[in-house]
$ cat upload-v2.cif   # mmCIF, C-alpha atoms
data_entry
#
loop_
_atom_site.group_PDB
_atom_site.id
_atom_site.type_symbol
_atom_site.label_atom_id
_atom_site.label_comp_id
_atom_site.auth_asym_id
_atom_site.auth_seq_id
_atom_site.Cartn_x
_atom_site.Cartn_y
_atom_site.Cartn_z
ATOM 1 C CA MET T 1 123.334 -13.735 -144.004
ATOM 2 C CA ALA T 2 121.156 -14.938 -141.116
ATOM 3 C CA HIS T 3 118.595 -12.430 -139.880
ATOM 4 C CA PRO T 4 118.563 -11.287 -136.235
ATOM 5 C CA THR T 5 115.738 -12.395 -133.971
ATOM 6 C CA PRO T 6 112.896 -9.838 -134.276
ATOM 7 C CA ILE T 7 112.301 -7.863 -131.073
ATOM 8 C CA ARG T 8 108.575 -7.483 -130.517
ATOM 9 C CA GLY T 9 106.717 -5.015 -128.325
ATOM 10 C CA LEU T 10 109.040 -2.017 -128.689
ATOM 11 C CA GLY T 11 108.169 1.338 -130.201
ATOM 12 C CA PRO T 12 109.645 4.836 -130.531
ATOM 13 C CA ASP T 13 108.276 5.838 -127.094
ATOM 14 C CA SER T 14 109.736 2.834 -125.253
ATOM 15 C CA GLN T 15 112.196 3.715 -122.510
ATOM 16 C CA LEU T 16 115.766 3.473 -123.789
ATOM 17 C CA GLY T 17 116.904 1.281 -120.884
ATOM 18 C CA HIS T 18 114.041 -1.176 -121.410
ATOM 19 C CA ALA T 19 114.756 -1.342 -125.156
ATOM 20 C CA ALA T 20 118.480 -1.885 -124.507
ATOM 21 C CA ARG T 21 117.785 -4.829 -122.194
ATOM 22 C CA ARG T 22 115.415 -6.442 -124.689
ATOM 23 C CA ILE T 23 117.681 -5.987 -127.697
ATOM 24 C CA LEU T 24 120.886 -7.105 -125.978
ATOM 25 C CA ALA T 25 119.113 -10.196 -124.669
ATOM 26 C CA GLY T 26 117.939 -10.984 -128.207
ATOM 27 C CA ARG T 27 121.398 -10.435 -129.709
ATOM 28 C CA LEU T 28 122.946 -12.671 -127.047
ATOM 29 C CA ALA T 29 120.410 -15.392 -127.834
ATOM 30 C CA ASP T 30 121.386 -15.171 -131.510
ATOM 31 C CA VAL T 31 125.054 -15.731 -130.628
ATOM 32 C CA ARG T 32 124.145 -18.766 -128.508
ATOM 33 C CA LYS T 33 121.992 -20.461 -131.160
ATOM 34 C CA PRO T 34 124.898 -21.889 -133.193
ATOM 35 C CA GLU T 35 126.761 -23.170 -130.109
ATOM 36 C CA ALA T 36 125.256 -26.656 -130.515
ATOM 37 C CA GLY T 37 126.914 -26.950 -133.930
ATOM 38 C CA LEU T 38 130.310 -26.382 -132.310
ATOM 39 C CA GLU T 39 130.061 -28.824 -129.401
ATOM 40 C CA ASP T 40 131.377 -31.946 -131.163
ATOM 41 C CA GLY T 41 133.351 -30.255 -133.941
ATOM 42 C CA VAL T 42 133.691 -27.036 -135.905
ATOM 43 C CA ASP T 43 130.759 -26.796 -138.283
ATOM 44 C CA ASP T 44 131.292 -24.247 -141.073
ATOM 45 C CA GLU T 45 127.718 -22.942 -141.062
ATOM 46 C CA SER T 46 127.673 -22.584 -137.275
ATOM 47 C CA VAL T 47 130.977 -20.681 -137.353
ATOM 48 C CA HIS T 48 129.608 -18.289 -139.977
ATOM 49 C CA ASP T 49 126.285 -17.719 -138.186
ATOM 50 C CA MET T 50 127.956 -17.170 -134.819
ATOM 51 C CA ARG T 51 130.469 -14.751 -136.319
ATOM 52 C CA VAL T 52 127.688 -12.613 -137.817
ATOM 53 C CA ALA T 53 125.749 -12.779 -134.542
ATOM 54 C CA THR T 54 128.786 -11.583 -132.542
ATOM 55 C CA ARG T 55 129.094 -8.592 -134.885
ATOM 56 C CA ARG T 56 125.469 -7.698 -134.216
ATOM 57 C CA LEU T 57 125.941 -8.110 -130.474
ATOM 58 C CA ARG T 58 129.014 -5.860 -130.544
ATOM 59 C CA ALA T 59 127.060 -3.227 -132.486
ATOM 60 C CA ALA T 60 124.349 -3.260 -129.800
ATOM 61 C CA LEU T 61 126.916 -3.011 -127.012
ATOM 62 C CA LEU T 62 128.466 0.004 -128.719
ATOM 63 C CA VAL T 63 125.096 1.678 -129.349
ATOM 64 C CA PHE T 64 124.047 1.317 -125.710
ATOM 65 C CA ARG T 65 127.507 1.933 -124.216
ATOM 66 C CA SER T 66 126.391 5.283 -122.804
ATOM 67 C CA LEU T 67 124.188 3.379 -120.356
ATOM 68 C CA GLY T 68 127.376 2.208 -118.629
ATOM 69 C CA GLY T 69 129.663 -0.755 -118.101
ATOM 70 C CA LEU T 70 129.603 -2.254 -121.591
ATOM 71 C CA LYS T 71 132.968 -1.234 -123.075
ATOM 72 C CA LYS T 72 134.992 -4.165 -121.721
ATOM 73 C CA LEU T 73 132.219 -6.598 -122.619
ATOM 74 C CA GLU T 74 132.364 -5.374 -126.220
ATOM 75 C CA ARG T 75 136.096 -6.163 -126.279
ATOM 76 C CA ASP T 76 135.416 -9.630 -124.840
ATOM 77 C CA VAL T 77 132.861 -10.340 -127.561
ATOM 78 C CA LYS T 78 135.385 -9.177 -130.149
ATOM 79 C CA ARG T 79 137.810 -11.839 -128.903
ATOM 80 C CA LEU T 80 135.249 -14.500 -129.766
ATOM 81 C CA GLN T 81 134.480 -12.833 -133.091
ATOM 82 C CA ASP T 82 138.171 -12.791 -134.038
ATOM 83 C CA ALA T 83 138.584 -16.471 -133.167
ATOM 84 C CA LEU T 84 135.537 -17.339 -135.269
ATOM 85 C CA GLY T 85 136.922 -15.199 -138.086
ATOM 86 C CA GLY T 86 140.236 -17.049 -138.084
ATOM 87 C CA VAL T 87 138.455 -20.348 -138.737
ATOM 88 C CA ARG T 88 135.881 -18.925 -141.137
ATOM 89 C CA ASP T 89 138.491 -17.214 -143.326
ATOM 90 C CA LEU T 90 140.324 -20.526 -143.811
ATOM 91 C CA HIS T 91 137.053 -22.253 -144.718
ATOM 92 C CA VAL T 92 136.304 -19.598 -147.346
ATOM 93 C CA GLN T 93 139.809 -19.770 -148.844
ATOM 94 C CA ALA T 94 139.743 -23.579 -148.973
ATOM 95 C CA ALA T 95 136.313 -23.614 -150.655
ATOM 96 C CA TRP T 96 137.486 -21.152 -153.316
ATOM 97 C CA LEU T 97 140.654 -23.152 -153.987
ATOM 98 C CA GLU T 98 138.687 -26.394 -154.266
ATOM 99 C CA GLY T 99 136.433 -24.700 -156.811
ATOM 100 C CA ALA T 100 139.464 -23.442 -158.730
ATOM 101 C CA ALA T 101 140.961 -26.944 -158.724
ATOM 102 C CA GLY T 102 137.693 -28.365 -160.034
ATOM 103 C CA LYS T 103 137.722 -25.925 -162.947
ATOM 104 C CA ALA T 104 141.300 -26.768 -163.905
ATOM 105 C CA GLU T 105 141.474 -28.452 -167.295
ATOM 106 C CA LYS T 106 142.485 -32.098 -167.329
ATOM 107 C CA GLU T 107 145.591 -31.431 -169.380
ATOM 108 C CA LYS T 108 146.785 -29.000 -166.714
ATOM 109 C CA ARG T 109 147.194 -31.616 -164.011
ATOM 110 C CA GLY T 110 150.300 -29.913 -162.701
ATOM 111 C CA THR T 111 148.312 -26.740 -162.094
ATOM 112 C CA ARG T 112 145.472 -28.676 -160.471
ATOM 113 C CA ALA T 113 147.918 -30.454 -158.156
ATOM 114 C CA GLY T 114 149.503 -27.125 -157.281
ATOM 115 C CA VAL T 115 146.122 -25.566 -156.462
ATOM 116 C CA LEU T 116 145.291 -28.481 -154.165
ATOM 117 C CA ALA T 117 148.718 -28.088 -152.566
ATOM 118 C CA LEU T 118 147.881 -24.431 -151.954
ATOM 119 C CA ARG T 119 144.622 -25.472 -150.318
ATOM 120 C CA ASP T 120 146.387 -27.999 -148.090
ATOM 121 C CA ALA T 121 149.007 -25.418 -147.129
ATOM 122 C CA ARG T 122 146.301 -22.918 -146.157
ATOM 123 C CA MET T 123 144.445 -25.555 -144.140
ATOM 124 C CA ALA T 124 147.599 -26.604 -142.271
ATOM 125 C CA SER T 125 146.878 -23.964 -139.632
ATOM 126 C CA LEU T 126 143.211 -24.960 -139.210
ATOM 127 C CA ASP T 127 143.812 -27.223 -136.196
ATOM 128 C CA GLU T 128 145.527 -24.379 -134.337
ATOM 129 C CA LYS T 129 142.756 -21.910 -135.294
ATOM 130 C CA GLU T 130 140.121 -24.380 -134.088
ATOM 131 C CA ARG T 131 142.026 -24.911 -130.825
ATOM 132 C CA LEU T 132 142.025 -21.150 -130.232
ATOM 133 C CA LEU T 133 138.313 -21.014 -131.041
ATOM 134 C CA ARG T 134 137.474 -23.778 -128.566
ATOM 135 C CA ALA T 135 139.450 -21.938 -125.880
ATOM 136 C CA GLU T 136 137.561 -18.712 -126.618
ATOM 137 C CA LEU T 137 134.236 -20.545 -126.545
ATOM 138 C CA LYS T 138 135.029 -21.871 -123.066
ATOM 139 C CA ARG T 139 135.952 -18.374 -121.921
ATOM 140 C CA TRP T 140 132.777 -17.031 -123.529
ATOM 141 C CA VAL T 141 130.539 -19.499 -121.686
ATOM 142 C CA LYS T 142 132.278 -19.359 -118.291
ATOM 143 C CA ARG T 143 133.150 -15.660 -118.043
ATOM 144 C CA THR T 144 131.630 -13.406 -120.683
ATOM 145 C CA ILE T 145 128.027 -14.632 -120.694
ATOM 146 C CA PRO T 146 127.517 -14.371 -116.896
ATOM 147 C CA ARG T 147 129.022 -10.872 -116.818
ATOM 148 C CA LEU T 148 126.981 -9.821 -119.842
ATOM 149 C CA LEU T 149 123.735 -11.052 -118.305
ATOM 150 C CA GLU T 150 124.536 -9.236 -115.065
ATOM 151 C CA LYS T 151 125.229 -5.956 -116.871
ATOM 152 C CA VAL T 152 122.192 -6.214 -119.115
ATOM 153 C CA ASP T 153 119.854 -6.767 -116.176
ATOM 154 C CA ALA T 154 121.217 -3.601 -114.526
ATOM 155 C CA LEU T 155 120.832 -1.286 -117.538
ATOM 156 C CA ASP T 156 118.448 1.586 -116.872
ATOM 157 C CA ASP T 157 117.517 4.781 -118.679
ATOM 158 C CA SER T 158 113.966 6.011 -118.299
ATOM 159 C CA ALA T 159 114.820 9.600 -119.269
ATOM 160 C CA HIS T 160 115.332 8.931 -122.977
ATOM 161 C CA ARG T 161 113.072 7.377 -125.585
ATOM 162 C CA PHE T 162 114.155 4.506 -127.829
ATOM 163 C CA GLY T 163 113.176 6.518 -130.901
ATOM 164 C CA GLY T 164 114.141 9.908 -129.559
ATOM 165 C CA ARG T 165 116.281 12.685 -130.979
ATOM 166 C CA ARG T 166 119.401 11.310 -129.291
ATOM 167 C CA VAL T 167 119.116 8.036 -131.201
ATOM 168 C CA ARG T 168 118.421 9.655 -134.562
ATOM 169 C CA LYS T 169 121.450 11.917 -134.075
ATOM 170 C CA VAL T 170 123.718 8.864 -133.707
ATOM 171 C CA LEU T 171 122.327 7.277 -136.870
ATOM 172 C CA ARG T 172 122.637 10.493 -138.878
ATOM 173 C CA ALA T 173 126.294 10.727 -137.840
ATOM 174 C CA ARG T 174 126.862 7.178 -139.114
ATOM 175 C CA VAL T 175 125.220 8.046 -142.433
ATOM 176 C CA ARG T 176 127.535 11.058 -142.755
ATOM 177 C CA THR T 177 130.536 8.801 -142.158
ATOM 178 C CA VAL T 178 129.360 6.394 -144.853
ATOM 179 C CA ARG T 179 128.883 9.280 -147.292
ATOM 180 C CA LYS T 180 132.449 10.478 -146.685
ATOM 181 C CA ARG T 181 133.799 6.941 -147.095
ATOM 182 C CA MET T 182 131.881 6.616 -150.338
ATOM 183 C CA GLU T 183 133.353 9.858 -151.658
ATOM 184 C CA ALA T 184 136.840 8.651 -150.731
ATOM 185 C CA TYR T 185 136.231 5.381 -152.557
ATOM 186 C CA ALA T 186 134.918 7.188 -155.644
ATOM 187 C CA ASP T 187 138.118 9.268 -155.714
ATOM 188 C CA ALA T 188 140.436 6.288 -155.141
ATOM 189 C CA PRO T 189 138.684 2.911 -155.637
ATOM 190 C CA ASP T 190 141.452 0.805 -154.117
ATOM 191 C CA ALA T 191 141.325 -2.087 -151.653
ATOM 192 C CA GLU T 192 141.958 0.123 -148.611
ATOM 193 C CA SER T 193 139.171 2.627 -149.334
ATOM 194 C CA ALA T 194 136.759 -0.200 -150.246
ATOM 195 C CA HIS T 195 137.518 -1.975 -146.965
ATOM 196 C CA ALA T 196 136.977 1.214 -144.944
ATOM 197 C CA LEU T 197 133.630 1.830 -146.673
ATOM 198 C CA ARG T 198 132.621 -1.783 -146.130
ATOM 199 C CA LYS T 199 133.306 -1.627 -142.388
ATOM 200 C CA ASP T 200 131.320 1.581 -141.849
ATOM 201 C CA LEU T 201 128.462 0.392 -144.039
ATOM 202 C CA LYS T 202 128.290 -2.831 -142.023
ATOM 203 C CA LYS T 203 128.161 -0.830 -138.777
ATOM 204 C CA LEU T 204 125.351 1.287 -140.208
ATOM 205 C CA ARG T 205 123.395 -1.809 -141.189
ATOM 206 C CA TYR T 206 123.658 -3.395 -137.749
ATOM 207 C CA GLU T 207 122.700 -0.108 -136.063
ATOM 208 C CA LEU T 208 119.680 0.282 -138.336
ATOM 209 C CA GLU T 209 118.610 -3.259 -137.414
ATOM 210 C CA ILE T 210 118.851 -2.355 -133.732
ATOM 211 C CA PHE T 211 116.412 0.540 -134.142
ATOM 212 C CA GLN T 212 114.118 -1.233 -136.585
ATOM 213 C CA PRO T 213 111.412 -1.747 -133.906
ATOM 214 C CA ALA T 214 111.233 2.034 -133.387
ATOM 215 C CA PHE T 215 111.182 3.074 -137.055
ATOM 216 C CA ARG T 216 110.123 -0.085 -138.855
ATOM 217 C CA ARG T 217 109.062 1.380 -142.214
ATOM 218 C CA THR T 218 111.971 3.808 -142.322
ATOM 219 C CA MET T 219 114.536 1.158 -141.408
ATOM 220 C CA ASP T 220 113.097 -1.365 -143.856
ATOM 221 C CA ALA T 221 113.422 1.203 -146.659
ATOM 222 C CA MET T 222 116.975 2.090 -145.642
ATOM 223 C CA LEU T 223 118.087 -1.543 -145.407
ATOM 224 C CA GLU T 224 116.600 -2.275 -148.814
ATOM 225 C CA VAL T 225 118.992 0.166 -150.518
ATOM 226 C CA LEU T 226 121.930 -0.586 -148.223
ATOM 227 C CA VAL T 227 122.192 -4.389 -148.452
ATOM 228 C CA PRO T 228 123.120 -4.653 -152.180
ATOM 229 C CA LEU T 229 126.001 -2.221 -151.702
ATOM 230 C CA GLN T 230 127.226 -4.088 -148.622
ATOM 231 C CA ASP T 231 127.055 -7.424 -150.461
ATOM 232 C CA GLY T 232 129.055 -6.011 -153.356
ATOM 233 C CA LEU T 233 131.697 -4.640 -151.017
ATOM 234 C CA GLY T 234 131.925 -8.004 -149.255
ATOM 235 C CA GLU T 235 132.559 -9.853 -152.521
ATOM 236 C CA LEU T 236 135.147 -7.267 -153.545
ATOM 237 C CA HIS T 237 136.897 -7.619 -150.184
ATOM 238 C CA ASP T 238 137.109 -11.400 -150.594
ATOM 239 C CA ALA T 239 138.664 -10.889 -154.041
ATOM 240 C CA ASP T 240 141.157 -8.375 -152.640
ATOM 241 C CA VAL T 241 142.192 -10.834 -149.912
ATOM 242 C CA ARG T 242 142.709 -13.573 -152.512
ATOM 243 C CA LEU T 243 144.647 -11.220 -154.778
ATOM 244 C CA GLU T 244 147.020 -10.191 -151.990
ATOM 245 C CA LEU T 245 147.433 -13.822 -150.909
ATOM 246 C CA PHE T 246 148.275 -15.151 -154.374
ATOM 247 C CA GLU T 247 150.641 -12.279 -155.105
ATOM 248 C CA ARG T 248 152.549 -13.171 -151.967
ATOM 249 C CA LEU T 249 152.483 -16.919 -152.664
ATOM 250 C CA ALA T 250 153.654 -16.353 -156.239
ATOM 251 C CA ALA T 251 156.801 -14.818 -154.776
ATOM 252 C CA GLU T 252 157.357 -16.813 -151.577
ATOM 253 C CA ALA T 253 155.771 -20.278 -151.797
ATOM 254 C CA ALA T 254 157.372 -23.607 -152.700
ATOM 255 C CA PRO T 255 157.926 -24.134 -156.464
ATOM 256 C CA THR T 256 154.734 -26.156 -157.145
ATOM 257 C CA GLU T 257 152.567 -23.779 -155.150
ATOM 258 C CA ARG T 258 154.307 -20.751 -156.665
ATOM 259 C CA LYS T 259 153.434 -22.005 -160.140
ATOM 260 C CA ALA T 260 149.808 -22.561 -159.163
ATOM 261 C CA ALA T 261 149.567 -19.107 -157.576
ATOM 262 C CA ARG T 262 150.900 -17.502 -160.768
ATOM 263 C CA ALA T 263 148.361 -19.482 -162.795
ATOM 264 C CA LEU T 264 145.494 -18.342 -160.561
ATOM 265 C CA LEU T 265 146.439 -14.665 -160.465
ATOM 266 C CA PRO T 266 144.843 -13.732 -163.832
ATOM 267 C CA GLN T 267 141.581 -15.385 -162.778
ATOM 268 C CA VAL T 268 141.520 -13.490 -159.481
ATOM 269 C CA GLN T 269 142.426 -10.223 -161.219
ATOM 270 C CA ASP T 270 139.587 -10.700 -163.728
ATOM 271 C CA GLU T 271 137.112 -11.493 -160.940
ATOM 272 C CA ARG T 272 138.219 -8.409 -159.052
ATOM 273 C CA ALA T 273 137.825 -6.208 -162.151
ATOM 274 C CA VAL T 274 134.256 -7.458 -162.750
ATOM 275 C CA LEU T 275 133.275 -6.910 -159.116
ATOM 276 C CA ALA T 276 134.820 -3.425 -159.106
ATOM 277 C CA LYS T 277 132.753 -2.443 -162.163
ATOM 278 C CA GLU T 278 129.555 -3.714 -160.564
ATOM 279 C CA LEU T 279 130.360 -1.849 -157.362
ATOM 280 C CA ALA T 280 131.138 1.345 -159.292
ATOM 281 C CA ARG T 281 127.653 1.199 -160.822
ATOM 282 C CA GLU T 282 126.063 0.782 -157.392
ATOM 283 C CA VAL T 283 128.093 3.666 -155.936
ATOM 284 C CA GLN T 284 127.075 5.813 -158.902
ATOM 285 C CA ARG T 285 123.431 4.936 -158.244
ATOM 286 C CA TRP T 286 123.811 6.078 -154.634
ATOM 287 C CA HIS T 287 125.293 9.342 -155.909
ATOM 288 C CA SER T 288 122.789 10.014 -158.690
ATOM 289 C CA GLU T 289 119.781 9.180 -156.500
ATOM 290 C CA GLU T 290 121.254 11.126 -153.561
ATOM 291 C CA ILE T 291 120.658 8.144 -151.296
ATOM 292 C CA PRO T 292 122.800 9.357 -148.355
ATOM 293 C CA ARG T 293 120.863 12.649 -148.243
ATOM 294 C CA ARG T 294 117.558 10.756 -148.425
ATOM 295 C CA LEU T 295 118.664 8.467 -145.594
ATOM 296 C CA ARG T 296 119.509 11.440 -143.382
ATOM 297 C CA ARG T 297 116.121 13.009 -144.153
ATOM 298 C CA MET T 298 114.402 9.822 -142.992
ATOM 299 C CA LEU T 299 116.169 10.217 -139.650
ATOM 300 C CA ALA T 300 115.343 13.912 -139.190
#
$ encode --input "upload-v2.cif" --output "structure tokens"
Amino acid sequence: MAHPTPIRGLGPDSQLGHAARRILAGRLADVRKPEAGLEDGVDDESVHDMRVATRRLRAALLVFRSLGGLKKLERDVKRLQDALGGVRDLHVQAAWLEGAAGKAEKEKRGTRAGVLALRDARMASLDEKERLLRAELKRWVKRTIPRLLEKVDALDDSAHRFGGRRVRKVLRARVRTVRKRMEAYADAPDAESAHALRKDLKKLRYELEIFQPAFRRTMDAMLEVLVPLQDGLGELHDADVRLELFERLAAEAAPTERKAARALLPQVQDERAVLAKELAREVQRWHSEEIPRRLRRMLA
């Protein structure tokens, strides 16, 4: 995952309004970096980088929403993020299916052909997804960016500090949410509880990155223990999406594709089982080392 642009010159005593302007400007610049890779076509790496950057920008807009006028802008950025996600998800599925086809044994040519047919069927909607993305990019450049720049320039809060009690309270609340999600996952480690934990953990990560200039050592330590768990949840989510997809295709697709989906299901199920075991070990480490409680102490 690409790292956000470091924001220099901020500290815990910086005015909150000044910090918000600096950070939002940096997050906007990160979203704009990959635009060049999307001018002549849809480059996979640019789509991925821009999607991650829009998530970080949305997190900053939500964190600083109390300063006023940012709620609708956050929804506008989400429109772009969703359009990027539609293209990116197809790229990921196609890459996995191409890898699965490459692993197919030579004597199973029928299976290999079916896997490639599955890939082609998934990619059939790519042109439409790319058309929607190009439309959203035009809207982003013509409407969202000017409004965002106008709002950012007007943000002001000199009464609160960037590293003040108000900020730490917000982060502690997010840590509590993650702890509850983790407990729910430990009780019922299914796809739904894993996805909910993944989303809240991702929000926590992006919020910690926002306040890294104010609490650099603390945030660095927190991110160090958080990233492996987030990565594991991301891989598990991808496996859950594939599992649901192939289960549906095994029942609904054309005969050749149905056969290929049935052949791939055991592989996806095995992958999911391995990832779930690895994630269970990481969750157990968080529990045994009382990491959520330690994270909240750091923010006291």
$ closest_residue --input "upload-v2.cif" --among "T:Gly85, T:Pro6, T:Pro213, T:Gly163" --to "T:Arg51" --atoms "only C-alpha atoms"
T:Gly85
$ axis_aligned_box --input "upload-v2.cif" --around "stretch 144-161 of chain T" --padding-each-side "8 Å" --output "JSON"
{"center_x": 122.4, "center_y": -2.5, "center_z": -120.1, "size_x": 34.6, "size_y": 40.2, "size_z": 27.1}
$ residues_around --input "upload-v2.cif" --residues "T:Ala60" --least-positions-apart "6" --cutoff "9 Å" --atoms "all atoms listed in the file" --output "list in words"
Ala20, Ile23, Leu24, Arg27, Tyr206, Glu207 and Ile210 of chain T
$ closest_atom_pairs --input "upload-v2.cif" --of "stretch 229-266 of chain T" --to "stretch 202-205 of chain T" --cutoff "10 Å" --atoms "only C-alpha atoms" --output "Markdown table"
| residue | atom | partner | partner_atom | distance |
| --- | --- | --- | --- | --- |
| T:Leu229 | CA | T:Lys202 | CA | 10.0 |
| T:Gln230 | CA | T:Lys202 | CA | 6.8 |
| T:Asp231 | CA | T:Lys202 | CA | 9.7 |
| T:Leu233 | CA | T:Lys202 | CA | 9.8 |
| T:Gly234 | CA | T:Lys202 | CA | 9.6 |
$ atom_distance --input "upload-v2.cif" --atom1 "atom CA of T:Leu70" --atom2 "atom CA of T:Leu223"
26.5 Å
$ closest_residue --input "upload-v2.cif" --among "T:Ala263, T:Leu97, T:Val167, T:Met219" --to "T:Asp13" --atoms "all atoms listed in the file"
T:Val167
$ closest_residue --input "upload-v2.cif" --among "T:Met298, T:Ala194, T:Ala186, T:Val268" --to "T:Ala239" --atoms "all atoms listed in the file"
T:Val268
$ closest_residue --input "upload-v2.cif" --among "T:Ala154, T:Ala59, T:Leu116, T:Leu201" --to "T:Lys103" --atoms "all atoms listed in the file"
T:Leu116
$ atom_distance --input "upload-v2.cif" --atom1 "atom CA of T:Pro292" --atom2 "atom CA of T:Ala214"
20.3 Å
$ closest_residue --input "upload-v2.cif" --among "T:Ala276, T:Val170, T:Val283, T:Leu264" --to "T:Leu226" --atoms "all atoms listed in the file"
T:Val283
$ atom_distance --input "upload-v2.cif" --atom1 "atom CA of T:Arg281" --atom2 "atom CA of T:Lys180"
17.6 Å
$ residues_near_point --input "upload-v2.cif" --point "(135.0, -14.8, -130.7)" --cutoff "12 Å" --atoms "all atoms listed in the file" --output "ChimeraX atom specification"
/T:31-32,35,47-55,57-58,73-88,129-130,132-141,144
$ write_last_selection --input "upload-v2.cif" --atoms "C-alpha atoms" --output "PDB file, keeping the file's coordinate frame"
ATOM      1  CA  VAL T  31     125.054 -15.731-130.628  1.00  0.00           C
ATOM      2  CA  ARG T  32     124.145 -18.766-128.508  1.00  0.00           C
ATOM      3  CA  GLU T  35     126.761 -23.170-130.109  1.00  0.00           C
ATOM      4  CA  VAL T  47     130.977 -20.681-137.353  1.00  0.00           C
ATOM      5  CA  HIS T  48     129.608 -18.289-139.977  1.00  0.00           C
ATOM      6  CA  ASP T  49     126.285 -17.719-138.186  1.00  0.00           C
ATOM      7  CA  MET T  50     127.956 -17.170-134.819  1.00  0.00           C
ATOM      8  CA  ARG T  51     130.469 -14.751-136.319  1.00  0.00           C
ATOM      9  CA  VAL T  52     127.688 -12.613-137.817  1.00  0.00           C
ATOM     10  CA  ALA T  53     125.749 -12.779-134.542  1.00  0.00           C
ATOM     11  CA  THR T  54     128.786 -11.583-132.542  1.00  0.00           C
ATOM     12  CA  ARG T  55     129.094  -8.592-134.885  1.00  0.00           C
ATOM     13  CA  LEU T  57     125.941  -8.110-130.474  1.00  0.00           C
ATOM     14  CA  ARG T  58     129.014  -5.860-130.544  1.00  0.00           C
ATOM     15  CA  LEU T  73     132.219  -6.598-122.619  1.00  0.00           C
ATOM     16  CA  GLU T  74     132.364  -5.374-126.220  1.00  0.00           C
ATOM     17  CA  ARG T  75     136.096  -6.163-126.279  1.00  0.00           C
ATOM     18  CA  ASP T  76     135.416  -9.630-124.840  1.00  0.00           C
ATOM     19  CA  VAL T  77     132.861 -10.340-127.561  1.00  0.00           C
ATOM     20  CA  LYS T  78     135.385  -9.177-130.149  1.00  0.00           C
ATOM     21  CA  ARG T  79     137.810 -11.839-128.903  1.00  0.00           C
ATOM     22  CA  LEU T  80     135.249 -14.500-129.766  1.00  0.00           C
ATOM     23  CA  GLN T  81     134.480 -12.833-133.091  1.00  0.00           C
ATOM     24  CA  ASP T  82     138.171 -12.791-134.038  1.00  0.00           C
ATOM     25  CA  ALA T  83     138.584 -16.471-133.167  1.00  0.00           C
ATOM     26  CA  LEU T  84     135.537 -17.339-135.269  1.00  0.00           C
ATOM     27  CA  GLY T  85     136.922 -15.199-138.086  1.00  0.00           C
ATOM     28  CA  GLY T  86     140.236 -17.049-138.084  1.00  0.00           C
ATOM     29  CA  VAL T  87     138.455 -20.348-138.737  1.00  0.00           C
ATOM     30  CA  ARG T  88     135.881 -18.925-141.137  1.00  0.00           C
ATOM     31  CA  LYS T 129     142.756 -21.910-135.294  1.00  0.00           C
ATOM     32  CA  GLU T 130     140.121 -24.380-134.088  1.00  0.00           C
ATOM     33  CA  LEU T 132     142.025 -21.150-130.232  1.00  0.00           C
ATOM     34  CA  LEU T 133     138.313 -21.014-131.041  1.00  0.00           C
ATOM     35  CA  ARG T 134     137.474 -23.778-128.566  1.00  0.00           C
ATOM     36  CA  ALA T 135     139.450 -21.938-125.880  1.00  0.00           C
ATOM     37  CA  GLU T 136     137.561 -18.712-126.618  1.00  0.00           C
ATOM     38  CA  LEU T 137     134.236 -20.545-126.545  1.00  0.00           C
ATOM     39  CA  LYS T 138     135.029 -21.871-123.066  1.00  0.00           C
ATOM     40  CA  ARG T 139     135.952 -18.374-121.921  1.00  0.00           C
ATOM     41  CA  TRP T 140     132.777 -17.031-123.529  1.00  0.00           C
ATOM     42  CA  VAL T 141     130.539 -19.499-121.686  1.00  0.00           C
ATOM     43  CA  THR T 144     131.630 -13.406-120.683  1.00  0.00           C
TER      44      THR T 144
END
$ closest_residue --input "upload-v2.cif" --among "T:Leu295, T:Ala251, T:Leu155, T:Met123" --to "T:Arg174" --atoms "only C-alpha atoms"
T:Leu295
$ residues_around --input "upload-v2.cif" --residues "T:His195" --least-positions-apart "4" --cutoff "10 Å" --atoms "all atoms listed in the file" --output "VMD selection string"
chain T and resid 181 185 190 to 191 199 to 201 233 to 234 236 to 237 240
$ residues_around --input "upload-v2.cif" --residues "T:Asp156" --least-positions-apart "6" --cutoff "8 Å" --atoms "all atoms listed in the file" --output "list in words"
Leu16, Gly17, His18 and Leu67 of chain T
$ residues_around --input "upload-v2.cif" --residues "T:Ala260" --least-positions-apart "2" --cutoff "8 Å" --atoms "all atoms listed in the file" --output "list in words"
Thr111, Arg112, Gly114, Val115, Leu118, Ala250, Thr256, Glu257, Arg258, Arg262, Ala263 and Leu264 of chain T
$ resolve_selection --input "upload-v2.cif" --expression "the PyMOL selection byres ((chain T and resi 294) around 12)" --output "short mmCIF file (atom, residue, chain, number, x, y, z; two decimals) with C-alpha atoms, in the coordinates of the input"
data_model
loop_
_atom_site.label_atom_id
_atom_site.label_comp_id
_atom_site.auth_asym_id
_atom_site.auth_seq_id
_atom_site.Cartn_x
_atom_site.Cartn_y
_atom_site.Cartn_z
CA ARG T 172 122.64 10.49 -138.88
CA VAL T 175 125.22 8.05 -142.43
CA ARG T 176 127.54 11.06 -142.76
CA ARG T 179 128.88 9.28 -147.29
CA THR T 218 111.97 3.81 -142.32
CA ALA T 221 113.42 1.20 -146.66
CA MET T 222 116.98 2.09 -145.64
CA VAL T 225 118.99 0.17 -150.52
CA TRP T 286 123.81 6.08 -154.63
CA HIS T 287 125.29 9.34 -155.91
CA SER T 288 122.79 10.01 -158.69
CA GLU T 289 119.78 9.18 -156.50
CA GLU T 290 121.25 11.13 -153.56
CA ILE T 291 120.66 8.14 -151.30
CA PRO T 292 122.80 9.36 -148.35
CA ARG T 293 120.86 12.65 -148.24
CA LEU T 295 118.66 8.47 -145.59
CA ARG T 296 119.51 11.44 -143.38
CA ARG T 297 116.12 13.01 -144.15
CA MET T 298 114.40 9.82 -142.99
CA LEU T 299 116.17 10.22 -139.65
CA ALA T 300 115.34 13.91 -139.19
#
